[in-house]
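Visitor: Sharing final_7.pdb below, PDB, C-alpha atoms and all ligand atoms:
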ATOM      1  CA  MET G   1     116.862 112.272  91.859  1.00  0.00           C
ATOM      2  CA  GLY G   2     117.868 113.253  88.336  1.00  0.00           C
ATOM      3  CA  PRO G   3     116.820 116.504  86.628  1.00  0.00           C
ATOM      4  CA  VAL G   4     113.367 115.103  85.770  1.00  0.00           C
ATOM      5  CA  PHE G   5     110.261 115.100  87.938  1.00  0.00           C
ATOM      6  CA  PRO G   6     109.385 111.458  88.657  1.00  0.00           C
ATOM      7  CA  HIS G   7     106.506 110.310  86.431  1.00  0.00           C
ATOM      8  CA  LEU G   8     105.372 107.451  88.683  1.00  0.00           C
ATOM      9  CA  HIS G   9     104.737 107.929  92.419  1.00  0.00           C
ATOM     10  CA  LEU G  10     104.198 104.661  94.267  1.00  0.00           C
ATOM     11  CA  ILE G  11     102.368 105.168  97.553  1.00  0.00           C
ATOM     12  CA  THR G  12     102.757 102.431 100.162  1.00  0.00           C
ATOM     13  CA  GLY G  13      99.815 100.360 101.304  1.00  0.00           C
ATOM     14  CA  GLY G  14      98.586  96.773 101.191  1.00  0.00           C
ATOM     15  CA  GLN G  15      99.905  93.693 102.954  1.00  0.00           C
ATOM     16  CA  ASP G  16     103.620  93.826 102.197  1.00  0.00           C
ATOM     17  CA  PRO G  17     104.673  97.356 101.235  1.00  0.00           C
ATOM     18  CA  LEU G  18     108.413  96.697 101.486  1.00  0.00           C
ATOM     19  CA  ALA G  19     108.278  93.751  99.067  1.00  0.00           C
ATOM     20  CA  ALA G  20     106.292  95.867  96.609  1.00  0.00           C
ATOM     21  CA  VAL G  21     108.709  98.804  96.951  1.00  0.00           C
ATOM     22  CA  ALA G  22     111.694  96.488  96.378  1.00  0.00           C
ATOM     23  CA  ALA G  23     110.007  95.099  93.258  1.00  0.00           C
ATOM     24  CA  ALA G  24     109.191  98.592  91.977  1.00  0.00           C
ATOM     25  CA  VAL G  25     112.778  99.772  92.469  1.00  0.00           C
ATOM     26  CA  ALA G  26     114.024  96.632  90.686  1.00  0.00           C
ATOM     27  CA  ALA G  27     111.651  97.323  87.780  1.00  0.00           C
ATOM     28  CA  ALA G  28     112.808 100.924  87.475  1.00  0.00           C
ATOM     29  CA  SER G  29     116.445  99.803  87.651  1.00  0.00           C
ATOM     30  CA  ARG G  30     115.896  97.251  84.848  1.00  0.00           C
ATOM     31  CA  LEU G  31     114.416 100.021  82.677  1.00  0.00           C
ATOM     32  CA  GLY G  32     117.136 102.531  83.580  1.00  0.00           C
ATOM     33  CA  ALA G  33     114.316 104.712  84.927  1.00  0.00           C
ATOM     34  CA  THR G  34     115.069 105.071  88.634  1.00  0.00           C
ATOM     35  CA  ASP G  35     114.825 108.866  88.267  1.00  0.00           C
ATOM     36  CA  ARG G  36     111.255 108.405  86.960  1.00  0.00           C
ATOM     37  CA  LEU G  37     110.107 106.640  90.160  1.00  0.00           C
ATOM     38  CA  ALA G  38     109.228 108.154  93.545  1.00  0.00           C
ATOM     39  CA  ILE G  39     108.100 106.281  96.645  1.00  0.00           C
ATOM     40  CA  GLN G  40     105.719 107.922  99.094  1.00  0.00           C
ATOM     41  CA  VAL G  41     105.546 106.292 102.529  1.00  0.00           C
ATOM     42  CA  ARG G  42     101.926 106.396 103.636  1.00  0.00           C
ATOM     43  CA  VAL G  43     100.451 104.597 106.631  1.00  0.00           C
ATOM     44  CA  GLU G  44      96.920 104.629 108.027  1.00  0.00           C
ATOM     45  CA  ASP G  45      96.183 107.124 110.806  1.00  0.00           C
ATOM     46  CA  HIS G  46      96.119 104.443 113.564  1.00  0.00           C
ATOM     47  CA  VAL G  47      99.706 103.369 112.851  1.00  0.00           C
ATOM     48  CA  THR G  48     102.170 104.594 115.517  1.00  0.00           C
ATOM     49  CA  ASP G  49     104.902 107.098 114.707  1.00  0.00           C
ATOM     50  CA  ARG G  50     107.441 104.433 115.667  1.00  0.00           C
ATOM     51  CA  ASP G  51     106.061 102.007 113.083  1.00  0.00           C
ATOM     52  CA  ALA G  52     105.822 104.796 110.499  1.00  0.00           C
ATOM     53  CA  TYR G  53     109.456 105.732 111.186  1.00  0.00           C
ATOM     54  CA  GLU G  54     110.661 102.141 110.854  1.00  0.00           C
ATOM     55  CA  LEU G  55     108.797 101.669 107.558  1.00  0.00           C
ATOM     56  CA  ALA G  56     110.122 104.960 106.195  1.00  0.00           C
ATOM     57  CA  ASP G  57     113.677 104.054 107.233  1.00  0.00           C
ATOM     58  CA  ALA G  58     113.417 100.682 105.500  1.00  0.00           C
ATOM     59  CA  VAL G  59     111.938 102.258 102.350  1.00  0.00           C
ATOM     60  CA  LEU G  60     114.731 104.823 102.296  1.00  0.00           C
ATOM     61  CA  GLU G  61     117.300 102.009 102.488  1.00  0.00           C
ATOM     62  CA  LEU G  62     115.730 100.526  99.337  1.00  0.00           C
ATOM     63  CA  CYS G  63     115.580 103.890  97.526  1.00  0.00           C
ATOM     64  CA  ARG G  64     118.858 105.631  98.344  1.00  0.00           C
ATOM     65  CA  PRO G  65     121.265 103.247  96.530  1.00  0.00           C
ATOM     66  CA  HIS G  66     119.253 103.759  93.304  1.00  0.00           C
ATOM     67  CA  GLY G  67     118.582 107.484  93.634  1.00  0.00           C
ATOM     68  CA  VAL G  68     114.821 106.884  93.886  1.00  0.00           C
ATOM     69  CA  LEU G  69     113.042 109.865  95.465  1.00  0.00           C
ATOM     70  CA  CYS G  70     111.485 109.100  98.842  1.00  0.00           C
ATOM     71  CA  LEU G  71     108.660 111.182 100.344  1.00  0.00           C
ATOM     72  CA  VAL G  72     106.645 110.745 103.538  1.00  0.00           C
ATOM     73  CA  ASN G  73     102.895 111.365 103.647  1.00  0.00           C
ATOM     74  CA  ASP G  74     101.385 113.538 106.416  1.00  0.00           C
ATOM     75  CA  ARG G  75     104.035 112.948 109.117  1.00  0.00           C
ATOM     76  CA  LEU G  76     106.703 115.535 108.269  1.00  0.00           C
ATOM     77  CA  HIS G  77     108.609 114.910 111.513  1.00  0.00           C
ATOM     78  CA  VAL G  78     109.111 111.342 110.292  1.00  0.00           C
ATOM     79  CA  ALA G  79     110.278 112.673 106.914  1.00  0.00           C
ATOM     80  CA  LEU G  80     112.886 114.844 108.675  1.00  0.00           C
ATOM     81  CA  ALA G  81     113.899 112.090 111.118  1.00  0.00           C
ATOM     82  CA  VAL G  82     114.650 109.543 108.394  1.00  0.00           C
ATOM     83  CA  GLY G  83     116.217 112.046 105.999  1.00  0.00           C
ATOM     84  CA  ALA G  84     113.597 111.670 103.277  1.00  0.00           C
ATOM     85  CA  ASP G  85     113.537 113.962 100.245  1.00  0.00           C
ATOM     86  CA  GLY G  86     110.284 115.589 101.362  1.00  0.00           C
ATOM     87  CA  GLY G  87     106.653 115.104 102.253  1.00  0.00           C
ATOM     88  CA  HIS G  88     103.037 115.379 101.136  1.00  0.00           C
ATOM     89  CA  VAL G  89     100.212 117.184 102.914  1.00  0.00           C
ATOM     90  CA  GLY G  90      96.463 117.446 102.429  1.00  0.00           C
ATOM     91  CA  ALA G  91      93.501 119.184 104.013  1.00  0.00           C
ATOM     92  CA  ALA G  92      93.849 117.286 107.304  1.00  0.00           C
ATOM     93  CA  ASP G  93      97.588 117.961 107.615  1.00  0.00           C
ATOM     94  CA  LEU G  94      99.729 121.027 108.266  1.00  0.00           C
ATOM     95  CA  PRO G  95      98.897 123.929 105.965  1.00  0.00           C
ATOM     96  CA  VAL G  96     101.277 124.114 102.995  1.00  0.00           C
ATOM     97  CA  ALA G  97     103.108 127.237 104.257  1.00  0.00           C
ATOM     98  CA  ALA G  98     103.658 125.603 107.658  1.00  0.00           C
ATOM     99  CA  ALA G  99     104.762 122.355 106.025  1.00  0.00           C
ATOM    100  CA  ARG G 100     107.292 124.336 103.945  1.00  0.00           C
ATOM    101  CA  ARG G 101     108.649 125.916 107.140  1.00  0.00           C
ATOM    102  CA  VAL G 102     109.007 122.475 108.711  1.00  0.00           C
ATOM    103  CA  LEU G 103     110.726 120.866 105.704  1.00  0.00           C
ATOM    104  CA  GLY G 104     112.853 123.815 104.676  1.00  0.00           C
ATOM    105  CA  SER G 105     113.263 125.458 101.277  1.00  0.00           C
ATOM    106  CA  SER G 106     115.014 122.636  99.415  1.00  0.00           C
ATOM    107  CA  ALA G 107     112.710 119.743 100.271  1.00  0.00           C
ATOM    108  CA  MET G 108     110.120 118.328  97.864  1.00  0.00           C
ATOM    109  CA  LEU G 109     106.666 119.240  99.208  1.00  0.00           C
ATOM    110  CA  GLY G 110     103.462 117.936  97.673  1.00  0.00           C
ATOM    111  CA  ALA G 111      99.969 119.250  98.398  1.00  0.00           C
ATOM    112  CA  THR G 112      96.579 117.749  97.569  1.00  0.00           C
ATOM    113  CA  CYS G 113      94.307 119.944  95.465  1.00  0.00           C
ATOM    114  CA  ARG G 114      90.961 119.342  93.838  1.00  0.00           C
ATOM    115  CA  ASP G 115      90.515 122.452  91.678  1.00  0.00           C
ATOM    116  CA  ALA G 116      92.446 125.273  89.991  1.00  0.00           C
ATOM    117  CA  ASP G 117      92.000 127.834  92.771  1.00  0.00           C
ATOM    118  CA  ALA G 118      93.363 125.417  95.383  1.00  0.00           C
ATOM    119  CA  ALA G 119      96.250 124.610  93.060  1.00  0.00           C
ATOM    120  CA  ARG G 120      97.206 128.260  92.646  1.00  0.00           C
ATOM    121  CA  ALA G 121      96.943 128.825  96.403  1.00  0.00           C
ATOM    122  CA  ALA G 122      99.062 125.775  97.219  1.00  0.00           C
ATOM    123  CA  ARG G 123     101.686 126.870  94.701  1.00  0.00           C
ATOM    124  CA  ARG G 124     101.807 130.351  96.253  1.00  0.00           C
ATOM    125  CA  ALA G 125     102.131 128.790  99.704  1.00  0.00           C
ATOM    126  CA  GLY G 126     105.216 126.830  98.644  1.00  0.00           C
ATOM    127  CA  ALA G 127     104.168 123.473  97.219  1.00  0.00           C
ATOM    128  CA  SER G 128     106.675 121.829  94.824  1.00  0.00           C
ATOM    129  CA  TYR G 129     104.007 119.672  93.154  1.00  0.00           C
ATOM    130  CA  LEU G 130     100.259 119.126  93.471  1.00  0.00           C
ATOM    131  CA  GLY G 131      98.484 115.822  93.980  1.00  0.00           C
ATOM    132  CA  VAL G 132      95.187 116.136  92.117  1.00  0.00           C
ATOM    133  CA  GLY G 133      92.377 113.653  92.447  1.00  0.00           C
ATOM    134  CA  PRO G 134      90.534 111.475  92.707  1.00  0.00           C
ATOM    135  CA  ALA G 135      90.967 111.042  88.964  1.00  0.00           C
ATOM    136  CA  PHE G 136      88.787 107.932  88.876  1.00  0.00           C
ATOM    137  CA  ALA G 137      86.835 105.866  91.407  1.00  0.00           C
ATOM    138  CA  THR G 138      88.975 104.137  94.010  1.00  0.00           C
ATOM    139  CA  THR G 139      88.379 101.777  96.928  1.00  0.00           C
ATOM    140  CA  THR G 140      91.779 102.449  98.516  1.00  0.00           C
ATOM    141  CA  LYS G 141      90.591 105.542 100.355  1.00  0.00           C
ATOM    142  CA  THR G 142      87.115 106.422 101.625  1.00  0.00           C
ATOM    143  CA  GLY G 143      85.462 109.803 102.099  1.00  0.00           C
ATOM    144  CA  LEU G 144      86.666 111.211  98.785  1.00  0.00           C
ATOM    145  CA  PRO G 145      84.666 113.579  96.556  1.00  0.00           C
ATOM    146  CA  ASP G 146      83.307 112.324  93.242  1.00  0.00           C
ATOM    147  CA  PRO G 147      85.997 111.481  90.684  1.00  0.00           C
ATOM    148  CA  LEU G 148      87.246 114.530  88.769  1.00  0.00           C
ATOM    149  CA  GLY G 149      87.906 112.768  85.481  1.00  0.00           C
ATOM    150  CA  VAL G 150      90.683 113.425  82.992  1.00  0.00           C
ATOM    151  CA  ASP G 151      89.417 116.768  81.671  1.00  0.00           C
ATOM    152  CA  ALA G 152      89.142 118.379  85.117  1.00  0.00           C
ATOM    153  CA  ILE G 153      92.694 117.305  85.923  1.00  0.00           C
ATOM    154  CA  GLY G 154      93.764 118.934  82.656  1.00  0.00           C
ATOM    155  CA  VAL G 155      92.074 122.172  83.759  1.00  0.00           C
ATOM    156  CA  VAL G 156      94.079 122.162  86.996  1.00  0.00           C
ATOM    157  CA  ALA G 157      97.313 121.424  85.130  1.00  0.00           C
ATOM    158  CA  ALA G 158      96.658 124.343  82.770  1.00  0.00           C
ATOM    159  CA  ALA G 159      96.060 126.660  85.743  1.00  0.00           C
ATOM    160  CA  VAL G 160      99.542 126.054  87.157  1.00  0.00           C
ATOM    161  CA  PRO G 161     101.728 125.373  84.099  1.00  0.00           C
ATOM    162  CA  ASP G 162     104.963 125.750  86.080  1.00  0.00           C
ATOM    163  CA  THR G 163     104.002 123.185  88.729  1.00  0.00           C
ATOM    164  CA  PRO G 164     103.991 119.406  88.264  1.00  0.00           C
ATOM    165  CA  ILE G 165     100.587 117.790  88.688  1.00  0.00           C
ATOM    166  CA  VAL G 166     100.482 114.238  90.046  1.00  0.00           C
ATOM    167  CA  ALA G 167      97.150 112.628  89.179  1.00  0.00           C
ATOM    168  CA  ILE G 168      95.896 110.177  91.799  1.00  0.00           C
ATOM    169  CA  GLY G 169      92.917 107.908  92.371  1.00  0.00           C
ATOM    170  CA  GLY G 170      92.054 104.743  90.445  1.00  0.00           C
ATOM    171  CA  VAL G 171      95.127 105.069  88.224  1.00  0.00           C
ATOM    172  CA  THR G 172      96.153 102.018  86.202  1.00  0.00           C
ATOM    173  CA  ALA G 173      98.516 101.250  83.321  1.00  0.00           C
ATOM    174  CA  LYS G 174      95.482 101.508  81.038  1.00  0.00           C
ATOM    175  CA  ASN G 175      94.381 105.029  82.022  1.00  0.00           C
ATOM    176  CA  ALA G 176      97.737 106.598  82.977  1.00  0.00           C
ATOM    177  CA  ALA G 177      98.702 107.717  79.463  1.00  0.00           C
ATOM    178  CA  GLY G 178      95.454 109.671  79.132  1.00  0.00           C
ATOM    179  CA  LEU G 179      96.240 111.575  82.326  1.00  0.00           C
ATOM    180  CA  ARG G 180      99.709 112.437  81.042  1.00  0.00           C
ATOM    181  CA  ALA G 181      98.241 113.534  77.709  1.00  0.00           C
ATOM    182  CA  ALA G 182      95.824 115.807  79.585  1.00  0.00           C
ATOM    183  CA  GLY G 183      98.743 117.579  81.246  1.00  0.00           C
ATOM    184  CA  ALA G 184      99.595 115.595  84.357  1.00  0.00           C
ATOM    185  CA  ALA G 185     103.362 115.442  84.877  1.00  0.00           C
ATOM    186  CA  ALA G 186     102.997 112.209  86.806  1.00  0.00           C
ATOM    187  CA  VAL G 187     100.600 109.689  88.270  1.00  0.00           C
ATOM    188  CA  ALA G 188     100.410 108.211  91.778  1.00  0.00           C
ATOM    189  CA  VAL G 189      99.222 104.703  92.530  1.00  0.00           C
ATOM    190  CA  VAL G 190      98.569 102.489  95.516  1.00  0.00           C
ATOM    191  CA  GLY G 191      96.526  99.480  94.469  1.00  0.00           C
ATOM    192  CA  ALA G 192      97.815  99.025  90.915  1.00  0.00           C
ATOM    193  CA  ILE G 193     101.194  98.008  92.336  1.00  0.00           C
ATOM    194  CA  MET G 194     100.691  97.317  96.049  1.00  0.00           C
ATOM    195  CA  ASN G 195      97.894  94.831  95.295  1.00  0.00           C
ATOM    196  CA  ALA G 196      99.407  93.409  92.094  1.00  0.00           C
ATOM    197  CA  THR G 197     100.233  89.692  91.909  1.00  0.00           C
ATOM    198  CA  ASP G 198     103.441  90.767  90.145  1.00  0.00           C
ATOM    199  CA  PRO G 199     104.417  94.258  91.389  1.00  0.00           C
ATOM    200  CA  LEU G 200     107.597  94.261  89.313  1.00  0.00           C
ATOM    201  CA  ARG G 201     105.665  93.708  86.070  1.00  0.00           C
ATOM    202  CA  ALA G 202     102.962  96.160  87.180  1.00  0.00           C
ATOM    203  CA  THR G 203     105.615  98.826  87.767  1.00  0.00           C
ATOM    204  CA  GLU G 204     107.223  98.179  84.374  1.00  0.00           C
ATOM    205  CA  GLU G 205     103.818  98.571  82.670  1.00  0.00           C
ATOM    206  CA  LEU G 206     103.110 101.813  84.522  1.00  0.00           C
ATOM    207  CA  LEU G 207     106.564 103.269  83.834  1.00  0.00           C
ATOM    208  CA  GLU G 208     106.132 102.458  80.130  1.00  0.00           C
ATOM    209  CA  ALA G 209     102.623 103.982  80.162  1.00  0.00           C
ATOM    210  CA  VAL G 210     103.809 107.301  81.616  1.00  0.00           C
ATOM    211  CA  ALA G 211     107.122 107.576  79.711  1.00  0.00           C
TER     212      ALA G 211
HETATM  213  C1  LIG G 301     100.478 112.342  95.141  1.00  0.00           C
HETATM  214  C2  LIG G 301      99.445 112.383  96.210  1.00  0.00           C
HETATM  215  N1  LIG G 301      98.288 113.064  96.004  1.00  0.00           N
HETATM  216  C3  LIG G 301      97.341 113.096  96.984  1.00  0.00           C
HETATM  217  C4  LIG G 301      97.545 112.435  98.176  1.00  0.00           C
HETATM  218  C5  LIG G 301      96.506 112.470  99.281  1.00  0.00           C
HETATM  219  O1  LIG G 301      97.104 113.088 100.382  1.00  0.00           O
HETATM  220  P1  LIG G 301      96.170 113.635 101.566  1.00  0.00           P
HETATM  221  O2  LIG G 301      95.183 114.597 101.008  1.00  0.00           O
HETATM  222  O3  LIG G 301      97.098 114.115 102.640  1.00  0.00           O
HETATM  223  O4  LIG G 301      95.378 112.352 102.069  1.00  0.00           O
HETATM  224  P2  LIG G 301      96.072 111.108 102.801  1.00  0.00           P
HETATM  225  O5  LIG G 301      97.036 110.511 101.819  1.00  0.00           O
HETATM  226  O6  LIG G 301      96.751 111.667 104.015  1.00  0.00           O
HETATM  227  O7  LIG G 301      94.930 110.181 103.123  1.00  0.00           O
HETATM  228  C6  LIG G 301      98.756 111.768  98.368  1.00  0.00           C
HETATM  229  N2  LIG G 301      98.993 111.126  99.539  1.00  0.00           N
HETATM  230  N3  LIG G 301      99.687 111.741  97.391  1.00  0.00           N
HETATM  231  C1  LIG G 302      95.728 108.226  99.037  1.00  0.00           C
HETATM  232  C2  LIG G 302      94.738 108.765  98.060  1.00  0.00           C
HETATM  233  N1  LIG G 302      94.427 110.087  98.008  1.00  0.00           N
HETATM  234  C3  LIG G 302      93.522 110.354  97.075  1.00  0.00           C
HETATM  235  C4  LIG G 302      92.956 111.707  96.852  1.00  0.00           C
HETATM  236  O1  LIG G 302      92.250 111.898  95.819  1.00  0.00           O
HETATM  237  O2  LIG G 302      93.204 112.562  97.731  1.00  0.00           O
HETATM  238  S1  LIG G 302      93.033 108.978  96.194  1.00  0.00           S
HETATM  239  C5  LIG G 302      94.057 108.002  97.116  1.00  0.00           C
HETATM  240  C6  LIG G 302      94.141 106.520  96.942  1.00  0.00           C
HETATM  241  C7  LIG G 302      94.801 106.136  95.651  1.00  0.00           C
HETATM  242  O3  LIG G 302      94.858 104.701  95.623  1.00  0.00           O
HETATM  243  P1  LIG G 302      94.646 103.836  94.300  1.00  0.00           P
HETATM  244  O4  LIG G 302      95.826 104.159  93.381  1.00  0.00           O
HETATM  245  O5  LIG G 302      94.665 102.420  94.771  1.00  0.00           O
HETATM  246  O6  LIG G 302      93.332 104.260  93.693  1.00  0.00           O
HETATM  247 MG    MG G 303      97.176 113.549 104.557  1.00  0.00          MG
END
For this file, produce the structure as structure tokens.
Ligand SMILES: Cc1ncc(COP(=O)(O)OP(=O)(O)O)c(N)n1
Ligand SMILES: Cc1nc(C(=O)O)sc1CCOP(=O)(O)O
Ligand SMILES: [Mg+2]
Guide:
Amino acid sequence: MGPVFPHLHLITGGQDPLAAVAAAVAAASRLGATDRLAIQVRVEDHVTDRDAYELADAVLELCRPHGVLCLVNDRLHVALAVGADGGHVGAADLPVAAARRVLGSSAMLGATCRDADAARAARRAGASYLGVGPAFATTTKTGLPDPLGVDAIGVVAAAVPDTPIVAIGGVTAKNAAGLRAAGAAAVAVVGAIMNATDPLRATEELLEAVA
């Protein structure tokens, strides 16, 4: 990964995650923006560790040649096993301090937060960046609190000015720039690319929106 924090985090999901990841990497390559893209390998809870490992290994094979950052959601042992750049944890996963001990001091570690106090606590516990959402309504994940909206995400960003905020939840090429303007360092998407008819074009539009 280059010196910048990736502005677009693509989280795997949908019917054919590998095809979508390949298209996203191709889009970033065409724009000379591979250091602005990160891939987060996320599988549903019922998926076996073996299947999660094989997906993460295949994603890493697509990312490594282009220097695209690769993170693994929840399953930090899979992140270590495949040699990913780090992981992401939330309220149902290892606590941030424990996750930092598992990944070591140099790994990229993301933590989900929903308000400024949680953001400050996660930063103190060792998070490298904070996933803050849901920004807008989303159907990709159930059981979420009400959408925060752009202003609330800006409040969290202002509370931890030294820590990148990745806004997540209902993000599209149309609303991404507003999140960046509010203070988010990056956005994370599932559906806007994973469910796109043309994931390469969708990635280009999102990379241009968050530039
Ligand atoms: C960038 C980013 N932000 C938030 C999340 C959500 O993670 P988590 O709270 O662990 O929930 P699940 O993804 O496990 O359902 C994320 N994955 N990435
Ligand atoms: C995985 C996830 N976590 C969220 C959170 O707010 O914790 S929202 C979300 C789903 C994001 O998918 P889409 O880009 O399709 O809305
Ligand atoms: Mg989780």
Visitor: Tell me, counting all atoms listed in the file, for each residue of chain G within 12 Å of ligand MG 303 (chain G), which pair of atoms is nearest and how far apart they are in Å to one decimal, in rows ordered by chain and increasing number, as CSV.
Guide:
residue,atom,partner,partner_atom,distance
G:Gln40,CA,G:MG303,MG,11.6
G:Val41,CA,G:MG303,MG,11.3
G:Arg42,CA,G:MG303,MG,8.6
G:Val43,CA,G:MG303,MG,9.8
G:Glu44,CA,G:MG303,MG,9.6
G:Asp45,CA,G:MG303,MG,9.0
G:Val72,CA,G:MG303,MG,9.9
G:Asn73,CA,G:MG303,MG,6.2
G:Asp74,CA,G:MG303,MG,4.6
G:Arg75,CA,G:MG303,MG,8.3
G:Leu76,CA,G:MG303,MG,10.4
G:Gly87,CA,G:MG303,MG,9.9
G:His88,CA,G:MG303,MG,7.0
G:Val89,CA,G:MG303,MG,5.0
G:Gly90,CA,G:MG303,MG,4.5
G:Ala91,CA,G:MG303,MG,6.7
G:Ala92,CA,G:MG303,MG,5.7
G:Asp93,CA,G:MG303,MG,5.4
G:Leu94,CA,G:MG303,MG,8.7
G:Pro95,CA,G:MG303,MG,10.6
G:Val96,CA,G:MG303,MG,11.4
G:Ala99,CA,G:MG303,MG,11.7
G:Gly110,CA,G:MG303,MG,10.3
G:Ala111,CA,G:MG303,MG,8.8
G:Thr112,CA,G:MG303,MG,8.2
G:Cys113,CA,G:MG303,MG,11.5
G:Gly131,CA,G:MG303,MG,10.9
G:Lys141,CA,G:MG303,MG,11.2
Visitor: Given the file shown, enumerate the residues that the PyMOL selection byres (((chain G and resi 116-127) around 7) and not hetatm) captures and present them as an mmCIF file with C-alpha atoms, keeping the file's coordinate frame.
Guide:
data_model
loop_
_atom_site.group_PDB
_atom_site.id
_atom_site.type_symbol
_atom_site.label_atom_id
_atom_site.label_comp_id
_atom_site.auth_asym_id
_atom_site.auth_seq_id
_atom_site.Cartn_x
_atom_site.Cartn_y
_atom_site.Cartn_z
ATOM 1 C CA VAL G 96 101.277 124.114 102.995
ATOM 2 C CA ALA G 97 103.108 127.237 104.257
ATOM 3 C CA ARG G 100 107.292 124.336 103.945
ATOM 4 C CA LEU G 109 106.666 119.240 99.208
ATOM 5 C CA GLY G 110 103.462 117.936 97.673
ATOM 6 C CA ALA G 111 99.969 119.250 98.398
ATOM 7 C CA CYS G 113 94.307 119.944 95.465
ATOM 8 C CA ARG G 114 90.961 119.342 93.838
ATOM 9 C CA ASP G 115 90.515 122.452 91.678
ATOM 10 C CA SER G 128 106.675 121.829 94.824
ATOM 11 C CA TYR G 129 104.007 119.672 93.154
ATOM 12 C CA LEU G 130 100.259 119.126 93.471
ATOM 13 C CA VAL G 155 92.074 122.172 83.759
ATOM 14 C CA VAL G 156 94.079 122.162 86.996
ATOM 15 C CA ALA G 159 96.060 126.660 85.743
ATOM 16 C CA VAL G 160 99.542 126.054 87.157
#
Visitor: Applying the PyMOL selection byres (((chain G and resi 135) around 6) and not hetatm) to the file I just gave you, which residues come out? Please list them as JSON, numbers by chain.
Guide: {"G": [133, 134, 136, 147, 148, 149, 168, 169]}
Visitor: Find the distance between CA of Val171 in chain G and CA of Val189 in chain G and write it in Å to one decimal.
Guide: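 So the two atoms, CA of Val171 in chain G and CA of Val189 in chain G, lie 6.0 Å apart.
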Visitor: List every protein, DNA or RNA residue that has at least one atom no more than 10 Å from (110.1, 116.3, 85.1) in the file's coordinates, counting all atoms listed in the file, and write the result as a list of chain:residue names.
Guide: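 Counting all atoms listed in the file, I find these residues within 10 Å of (110.1, 116.3, 85.1): G:Gly2, G:Pro3, G:Val4, G:Phe5, G:Pro6, G:His7, G:Asp35, G:Arg36, G:Thr163, G:Pro164, G:Ala185, G:Ala186.
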Visitor: So which residues get picked by the PyMOL selection byres (((chain G and resi 176-178) around 10) and not hetatm) here, written as a list of chain:residue names?
Guide: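 With the PyMOL selection byres (((chain G and resi 176-178) around 10) and not hetatm) on this model, the match is G:Leu8, G:Val150, G:Asp151, G:Ala167, G:Ile168, G:Gly170, G:Val171, G:Thr172, G:Ala173, G:Lys174, G:Asn175, G:Leu179, G:Arg180, G:Ala181, G:Ala182, G:Gly183, G:Ala184, G:Ala186, G:Val187, G:Ala188, G:Val189, G:Leu206, G:Leu207, G:Glu208, G:Ala209, G:Val210, G:Ala211.
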Visitor: Pick the closest to Gly32 in chain G from G:Leu103, G:Ala58, G:Leu18, G:Val68: which is it, counting all atoms listed in the file?
Guide: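 Selected residue with least distance to Gly32 in chain G: G:Val68.
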Visitor: So that I can check the surroundings of Tyr53 in chain G, please list as a list of chain:residue names every protein, DNA and RNA residue that reaches within 8 Å of it, counting all atoms listed in the file and ignoring chain neighbours fewer than 5 positions away.
Guide: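 Answer for this query is G:Val78, G:Ala81, G:Val82.
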Visitor: Please provide the set of residues having any atom within 8 Å of Leu69 in chain G, restricted to all atoms listed in the file, with same-chain residues fewer than 4 positions apart removed, written as a PyMOL selection string.
Guide: chain G and resi 1+6+35+37-39+63-64+85
Visitor: As an exercise, work out the distance from CA of Leu31 in chain G to atom C3 of ligand LIG 301 (chain G) in Å and give it to one decimal place.
Guide: 25.8 Å
Visitor: In Å to one decimal, how far is CA of Gly86 in chain G from CA of Ala33 in chain G?
Guide: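 These two atoms are separated by 20.1 Å.
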Visitor: For ligand LIG 302 (chain G), take all atoms listed in the file, fit an axis-aligned box around them, add 3 Å to each of the six sides, then output centre and edge lengths in Å rounded to one decimal, as AutoDock Vina command-line options.
Guide:
--center_x 94.0 --center_y 107.5 --center_z 96.2 --size_x 9.6 --size_y 16.1 --size_z 11.7
Visitor: Fewer than 3 positions away in the same chain doesn't count, so skip those; otherwise give me all residues within 8 Å of range 192-201 of chain G, counting all atoms listed in the file, as a PyMOL selection string.
Guide: chain G and resi 10+12-17+20+23-24+26-27+171-173+189+204-205
Visitor: So, counting only C-alpha atoms and all ligand atoms, which residue among G:Ala19, G:Ala158, G:Val166, G:Leu80 is closest to ligand LIG 301 (chain G)?
Guide: G:Val166
Visitor: Using all atoms listed in the file, which of the listed residues (G:Leu144, G:Leu71, G:Ile165, G:Ala202) sits closest to ligand LIG 302 (chain G)?
Guide: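 Result for the nearest residue to ligand LIG 302 (chain G): G:Leu144.
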